[in-house]
2 protein chains.
Amino acid sequence: MSNAAIRQRAITGPRAPVPPAHGATVAFIVERLRDDILAGRLQPGSRLVESDLTSRFAVSRGPVREALRRLTADGLIEHWPHRGAVVRRLTEREIRELFLIRIEMEALAARLAAAADAFERRAGFVAAIQPIYADAPRNPCEYLKENAAFHDAVMALADNLQLRDLAARLQLPLIMAQVGDVLTPAVLNASVQEHRAVAQAILDCNSEAASARMRAHLERAAAVALRRVAERKA
Amino acid sequence: MSNAAIRQRAITGPRAPVPPAHGATVAFIVERLRDDILAGRLQPGSRLVESDLTSRFAVSRGPVREALRRLTADGLIEHWPHRGAVVRRLTEREIRELFLIRIEMEALAARLAAAADAFERRAGFVAAIQPIYADAPRNPCEYLKENAAFHDAVMALADNLQLRDLAARLQLPLIMAQVGDVLTPAVLNASVQEHRAVAQAILDCNSEAASARMRAHLERAAAVALRRVAERKA
DNA sequence: TCTCTCAATATTGTCCTACAATCGTCCTAC
DNA sequence: GTAGGACGATTGTAGGACAATATTGAGAGA
């Protein structure tokens, strides 16, 4: 069995089940790889060899290379000349830096959201955040979804497309994939409470409070994530 | 003469003078196109047809497509399926949105810079910003360089690599907005004064003041840029 | 004359093959 | 044990081919 075949088996079994329609090949590959990375099926540091991917997805090198480029642009993988692509491993410093940026962006989003005056968007926001008011305890996976939906709802209400784009590139999902196992029930419950506090400020049109509470929420999240990274190093 | 040949002539003359070394083809193309766009030789809305570029740079479609993808990631061009790439034209809304983000990012950088405690980096900052203390009046071109150097020096002192990356992406499109011709002596002089004020706060290790002054500086810059766009539309 | 449909054309999306260039590694010679 | 070279694995680029889609313009119909 060839090297490539062995690596392929090691990653995700025989091959892609359903080939995509014409014009969607690249998007298809990107989606699959993104899922694999964020779900942890592809660990940080895993190599992504073009020939493996061509056989796994049954496509030519063109789309594979393009998919790798997009994932690089998204920051999910790293690409070195003549050495290929590997799943990105965020360093403690990178996580710290990304959180600093994210805090500012989300605080801005919260401020804009609180100041938004479009009826329909406010209604959409209210509808989208309903899950945060559920009383049932969440498991980590459910919380991650709820969390993503909440932050996305704030972004949507803020109505700044560039900000939304940029926030998506800040790798919160990747960070969570790498330190996600720190979500104890206590941490998780605190986060839900913080979401509610932010939401209340936004609903009250209180920009300053919304911004400050979002900032506090993310500062705590950053502390949790960084503590986890420090633990792992030890 | 073919369509492609006509378009090629229209853009930059016969062909690339010096082909790049192996492994640098894409970077070469990206550089050339970036320059053309930022220098205005390629106007917003100009189409970038793959076959034109292959003949202009005497390379195959692979590197061309990759270069276009990178420029897309940088926000310099727009890419639509089956319709190709065009030089990005920023709408007023996009400029407004990007400035909102940039204000937060630069304010964060100023805050971090003021709080930085590494001797060498502070020394480097002082050296890098000397031009802002020159008394001689600047022409717009000189100012733009001085401005870029100043903001980059703040970023360097802030020592957040992710932030620096992001700021570069946020700046490029603004240059494309071609606000060069609104830089009257008055506007220009005000900007220099503001730079000095920011620098002073940073040198004083006053994070709050640094952040606030940077914010004020960029809010004024945003107003100038948006006024320019509004004028052009009229 | 205007609008709509449809074919011709231009262009992109993908595949394929081939080869050059480079990196990492192992292997040898000193 | 280290420097240097040979080799394999992999990426970078070329070039040709065809499929799929968008655009355009001409002709038919109202």
# chains A, B, ... in the order shown; residues from 1 in each chain; ligands from 1
call {"tool": "interface_residues", "arguments": {"of": "chain A", "to": "chain D", "cutoff": "7 Å", "atoms": "only C-alpha atoms (C1' of nucleotides)", "output": "ChimeraX atom specification"}}
result
/A:82-84
call {"tool": "write_last_selection", "arguments": {"atoms": "N, CA and C atoms", "output": "mmCIF file, in the first residue's frame"}}
result
data_model
loop_
_atom_site.group_PDB
_atom_site.id
_atom_site.type_symbol
_atom_site.label_atom_id
_atom_site.label_comp_id
_atom_site.auth_asym_id
_atom_site.auth_seq_id
_atom_site.Cartn_x
_atom_site.Cartn_y
_atom_site.Cartn_z
ATOM 1 N N HIS A 82 6.981 24.676 -0.884
ATOM 2 C CA HIS A 82 7.659 23.392 -1.117
ATOM 3 C C HIS A 82 7.548 22.441 0.071
ATOM 4 N N ARG A 83 6.802 22.822 1.083
ATOM 5 C CA ARG A 83 6.661 21.916 2.215
ATOM 6 C C ARG A 83 5.208 21.541 2.469
ATOM 7 N N GLY A 84 4.328 22.236 1.768
ATOM 8 C CA GLY A 84 2.935 21.849 1.856
ATOM 9 C C GLY A 84 2.173 22.510 2.988
#
call {"tool": "closest_atom_pairs", "arguments": {"of": "chain A", "to": "chain B", "cutoff": "9 Å", "atoms": "only C-alpha atoms", "output": "JSON lines"}}
result
{"residue": "A:Gly23", "atom": "CA", "partner": "B:Pro81", "partner_atom": "CA", "distance": 7.7}
{"residue": "A:Gly62", "atom": "CA", "partner": "B:Gly62", "partner_atom": "CA", "distance": 7.8}
{"residue": "A:Arg65", "atom": "CA", "partner": "B:Glu66", "partner_atom": "CA", "distance": 8.8}
{"residue": "A:Glu66", "atom": "CA", "partner": "B:Glu66", "partner_atom": "CA", "distance": 7.2}
{"residue": "A:Arg69", "atom": "CA", "partner": "B:Arg69", "partner_atom": "CA", "distance": 7.9}
{"residue": "A:Arg70", "atom": "CA", "partner": "B:Arg69", "partner_atom": "CA", "distance": 8.0}
{"residue": "A:Ala73", "atom": "CA", "partner": "B:Ala73", "partner_atom": "CA", "distance": 6.3}
{"residue": "A:Asp74", "atom": "CA", "partner": "B:Ala73", "partner_atom": "CA", "distance": 8.7}
{"residue": "A:Pro81", "atom": "CA", "partner": "B:Gly23", "partner_atom": "CA", "distance": 7.5}
{"residue": "A:His82", "atom": "CA", "partner": "B:Gly23", "partner_atom": "CA", "distance": 8.2}
{"residue": "A:Arg93", "atom": "CA", "partner": "B:Asn160", "partner_atom": "CA", "distance": 8.9}
{"residue": "A:Glu94", "atom": "CA", "partner": "B:Gln162", "partner_atom": "CA", "distance": 7.2}
{"residue": "A:Glu97", "atom": "CA", "partner": "B:Asn160", "partner_atom": "CA", "distance": 6.0}
{"residue": "A:Leu98", "atom": "CA", "partner": "B:Gln162", "partner_atom": "CA", "distance": 6.5}
{"residue": "A:Leu100", "atom": "CA", "partner": "B:Leu108", "partner_atom": "CA", "distance": 8.4}
{"residue": "A:Ile101", "atom": "CA", "partner": "B:Leu163", "partner_atom": "CA", "distance": 6.7}
{"residue": "A:Glu104", "atom": "CA", "partner": "B:Glu104", "partner_atom": "CA", "distance": 6.4}
{"residue": "A:Met105", "atom": "CA", "partner": "B:Ile101", "partner_atom": "CA", "distance": 7.2}
{"residue": "A:Leu108", "atom": "CA", "partner": "B:Glu104", "partner_atom": "CA", "distance": 7.6}
{"residue": "A:Asn160", "atom": "CA", "partner": "B:Glu97", "partner_atom": "CA", "distance": 6.0}
{"residue": "A:Leu161", "atom": "CA", "partner": "B:Glu97", "partner_atom": "CA", "distance": 7.4}
{"residue": "A:Gln162", "atom": "CA", "partner": "B:Glu97", "partner_atom": "CA", "distance": 6.2}
{"residue": "A:Leu163", "atom": "CA", "partner": "B:Ile101", "partner_atom": "CA", "distance": 6.7}
{"residue": "A:Leu166", "atom": "CA", "partner": "B:Leu166", "partner_atom": "CA", "distance": 8.8}
call {"tool": "residues_around", "arguments": {"residues": "Thr184 in chain B", "least_positions_apart": "4", "cutoff": "9 Å", "atoms": "only C-alpha atoms (C1' of nucleotides)", "output": "VMD selection string"}}
result
chain B and resid 139 to 140 188 to 189
call {"tool": "select_by_dssp", "arguments": {"residues": "range 8-183 of chain A", "states": "helix (DSSP H, G or I)", "output": "PyMOL selection string"}}
result
chain A and resi 8-12+25-38+50-57+61-73+92-115+119-128+130-133+140-158+161-168+172-182
call {"tool": "select_by_dssp", "arguments": {"residues": "range 63-203 of chain B", "states": "strand (DSSP E)", "output": "MDAnalysis selection string"}}
result
chainID B and resid 77:80 84:87
call {"tool": "write_last_selection", "arguments": {"atoms": "all heavy atoms", "output": "PDB file, in the first residue's frame"}}
result
ATOM      1  N   ILE B  77      -9.500  42.861  -4.978  1.00  0.00           N
ATOM      2  CA  ILE B  77     -10.346  42.566  -6.127  1.00  0.00           C
ATOM      3  C   ILE B  77     -11.560  41.761  -5.670  1.00  0.00           C
ATOM      4  O   ILE B  77     -11.589  41.217  -4.572  1.00  0.00           O
ATOM      5  CB  ILE B  77      -9.599  41.778  -7.221  1.00  0.00           C
ATOM      6  CG1 ILE B  77      -9.228  40.390  -6.713  1.00  0.00           C
ATOM      7  CG2 ILE B  77      -8.348  42.511  -7.669  1.00  0.00           C
ATOM      8  CD1 ILE B  77      -8.517  39.563  -7.758  1.00  0.00           C
ATOM      9  N   GLU B  78     -12.551  41.703  -6.535  1.00  0.00           N
ATOM     10  CA  GLU B  78     -13.742  40.906  -6.273  1.00  0.00           C
ATOM     11  C   GLU B  78     -13.797  39.779  -7.279  1.00  0.00           C
ATOM     12  O   GLU B  78     -13.425  39.955  -8.434  1.00  0.00           O
ATOM     13  CB  GLU B  78     -15.003  41.767  -6.403  1.00  0.00           C
ATOM     14  CG  GLU B  78     -15.156  42.780  -5.315  1.00  0.00           C
ATOM     15  CD  GLU B  78     -16.369  43.659  -5.576  1.00  0.00           C
ATOM     16  OE1 GLU B  78     -16.790  43.768  -6.733  1.00  0.00           O
ATOM     17  OE2 GLU B  78     -16.870  44.242  -4.602  1.00  0.00           O
ATOM     18  N   HIS B  79     -14.279  38.648  -6.859  1.00  0.00           N
ATOM     19  CA  HIS B  79     -14.247  37.466  -7.683  1.00  0.00           C
ATOM     20  C   HIS B  79     -15.629  36.849  -7.712  1.00  0.00           C
ATOM     21  O   HIS B  79     -16.169  36.506  -6.665  1.00  0.00           O
ATOM     22  CB  HIS B  79     -13.233  36.481  -7.097  1.00  0.00           C
ATOM     23  CG  HIS B  79     -12.612  35.598  -8.114  1.00  0.00           C
ATOM     24  ND1 HIS B  79     -12.353  34.281  -7.896  1.00  0.00           N
ATOM     25  CD2 HIS B  79     -12.197  35.859  -9.373  1.00  0.00           C
ATOM     26  CE1 HIS B  79     -11.799  33.754  -8.975  1.00  0.00           C
ATOM     27  NE2 HIS B  79     -11.691  34.691  -9.883  1.00  0.00           N
ATOM     28  N   TRP B  80     -16.198  36.711  -8.883  1.00  0.00           N
ATOM     29  CA  TRP B  80     -17.525  36.115  -9.014  1.00  0.00           C
ATOM     30  C   TRP B  80     -17.434  34.869  -9.866  1.00  0.00           C
ATOM     31  O   TRP B  80     -16.791  34.890 -10.915  1.00  0.00           O
ATOM     32  CB  TRP B  80     -18.496  37.114  -9.656  1.00  0.00           C
ATOM     33  CG  TRP B  80     -18.620  38.356  -8.873  1.00  0.00           C
ATOM     34  CD1 TRP B  80     -17.818  39.462  -8.970  1.00  0.00           C
ATOM     35  CD2 TRP B  80     -19.568  38.649  -7.852  1.00  0.00           C
ATOM     36  NE1 TRP B  80     -18.233  40.426  -8.067  1.00  0.00           N
ATOM     37  CE2 TRP B  80     -19.303  39.951  -7.378  1.00  0.00           C
ATOM     38  CE3 TRP B  80     -20.633  37.937  -7.298  1.00  0.00           C
ATOM     39  CZ2 TRP B  80     -20.059  40.541  -6.371  1.00  0.00           C
ATOM     40  CZ3 TRP B  80     -21.373  38.532  -6.299  1.00  0.00           C
ATOM     41  CH2 TRP B  80     -21.094  39.822  -5.843  1.00  0.00           C
ATOM     42  N   GLY B  84     -15.405  36.049 -13.366  1.00  0.00           N
ATOM     43  CA  GLY B  84     -14.048  36.556 -13.282  1.00  0.00           C
ATOM     44  C   GLY B  84     -13.828  37.591 -12.199  1.00  0.00           C
ATOM     45  O   GLY B  84     -14.684  37.800 -11.337  1.00  0.00           O
ATOM     46  N   ALA B  85     -12.684  38.239 -12.273  1.00  0.00           N
ATOM     47  CA  ALA B  85     -12.271  39.167 -11.227  1.00  0.00           C
ATOM     48  C   ALA B  85     -12.280  40.589 -11.752  1.00  0.00           C
ATOM     49  O   ALA B  85     -11.948  40.833 -12.911  1.00  0.00           O
ATOM     50  CB  ALA B  85     -10.870  38.801 -10.738  1.00  0.00           C
ATOM     51  N   VAL B  86     -12.665  41.509 -10.905  1.00  0.00           N
ATOM     52  CA  VAL B  86     -12.572  42.927 -11.241  1.00  0.00           C
ATOM     53  C   VAL B  86     -11.949  43.660 -10.059  1.00  0.00           C
ATOM     54  O   VAL B  86     -12.065  43.206  -8.914  1.00  0.00           O
ATOM     55  CB  VAL B  86     -13.959  43.553 -11.537  1.00  0.00           C
ATOM     56  CG1 VAL B  86     -14.599  42.864 -12.728  1.00  0.00           C
ATOM     57  CG2 VAL B  86     -14.849  43.484 -10.332  1.00  0.00           C
ATOM     58  N   VAL B  87     -11.292  44.749 -10.346  1.00  0.00           N
ATOM     59  CA  VAL B  87     -10.726  45.563  -9.280  1.00  0.00           C
ATOM     60  C   VAL B  87     -11.860  46.085  -8.415  1.00  0.00           C
ATOM     61  O   VAL B  87     -12.839  46.615  -8.938  1.00  0.00           O
ATOM     62  CB  VAL B  87      -9.911  46.734  -9.851  1.00  0.00           C
ATOM     63  CG1 VAL B  87      -9.370  47.595  -8.723  1.00  0.00           C
ATOM     64  CG2 VAL B  87      -8.770  46.203 -10.701  1.00  0.00           C
TER      65      VAL B  87
END
call {"tool": "closest_atom_pairs", "arguments": {"of": "chain C", "to": "chain B", "cutoff": "10 Å", "atoms": "only C-alpha atoms (C1' of nucleotides)", "output": "JSON lines"}}
result
{"residue": "C:DA10", "atom": "C1'", "partner": "B:Asn3", "partner_atom": "CA", "distance": 9.6}
{"residue": "C:DT11", "atom": "C1'", "partner": "B:His82", "partner_atom": "CA", "distance": 7.1}
{"residue": "C:DT12", "atom": "C1'", "partner": "B:His82", "partner_atom": "CA", "distance": 4.7}
{"residue": "C:DG13", "atom": "C1'", "partner": "B:His82", "partner_atom": "CA", "distance": 7.6}
{"residue": "C:DA20", "atom": "C1'", "partner": "B:His22", "partner_atom": "CA", "distance": 8.8}
{"residue": "C:DA21", "atom": "C1'", "partner": "B:His22", "partner_atom": "CA", "distance": 6.9}
{"residue": "C:DT22", "atom": "C1'", "partner": "B:Gly23", "partner_atom": "CA", "distance": 8.9}
call {"tool": "residues_around", "arguments": {"residues": "Thr91 in chain B", "least_positions_apart": "4", "cutoff": "12 Å", "atoms": "only C-alpha atoms (C1' of nucleotides)", "output": "PyMOL selection string"}}
result
(chain A and resi 162) or (chain B and resi 44-45+95-98+173-174+176-177+225-226+229-230+232-233)
call {"tool": "atom_distance", "arguments": {"atom1": "CA of Pro131 in chain B", "atom2": "CA of Asp204 in chain B"}}
result
18.9 Å
call {"tool": "residues_around", "arguments": {"residues": "range 216-221 of chain A", "least_positions_apart": "5", "cutoff": "8 Å", "atoms": "only C-alpha atoms (C1' of nucleotides)", "output": "list in words"}}
result
Phe99, Ile103, Ser191, Glu194 and His195 of chain A
call {"tool": "write_last_selection", "arguments": {"atoms": "C-alpha atoms", "output": "mmCIF file, in the first residue's frame"}}
result
data_model
loop_
_atom_site.group_PDB
_atom_site.id
_atom_site.type_symbol
_atom_site.label_atom_id
_atom_site.label_comp_id
_atom_site.auth_asym_id
_atom_site.auth_seq_id
_atom_site.Cartn_x
_atom_site.Cartn_y
_atom_site.Cartn_z
ATOM 1 C CA PHE A 99 -8.696 37.468 21.660
ATOM 2 C CA ILE A 103 -12.790 41.687 22.167
ATOM 3 C CA SER A 191 -21.282 32.246 29.842
ATOM 4 C CA GLU A 194 -23.226 36.811 30.416
ATOM 5 C CA HIS A 195 -24.995 36.344 27.106
#
call {"tool": "residues_around", "arguments": {"residues": "Val30 in chain B", "least_positions_apart": "2", "cutoff": "9 Å", "atoms": "only C-alpha atoms (C1' of nucleotides)", "output": "ChimeraX atom specification"}}
result
/B:25-28,32-35,64,66-68,70-71
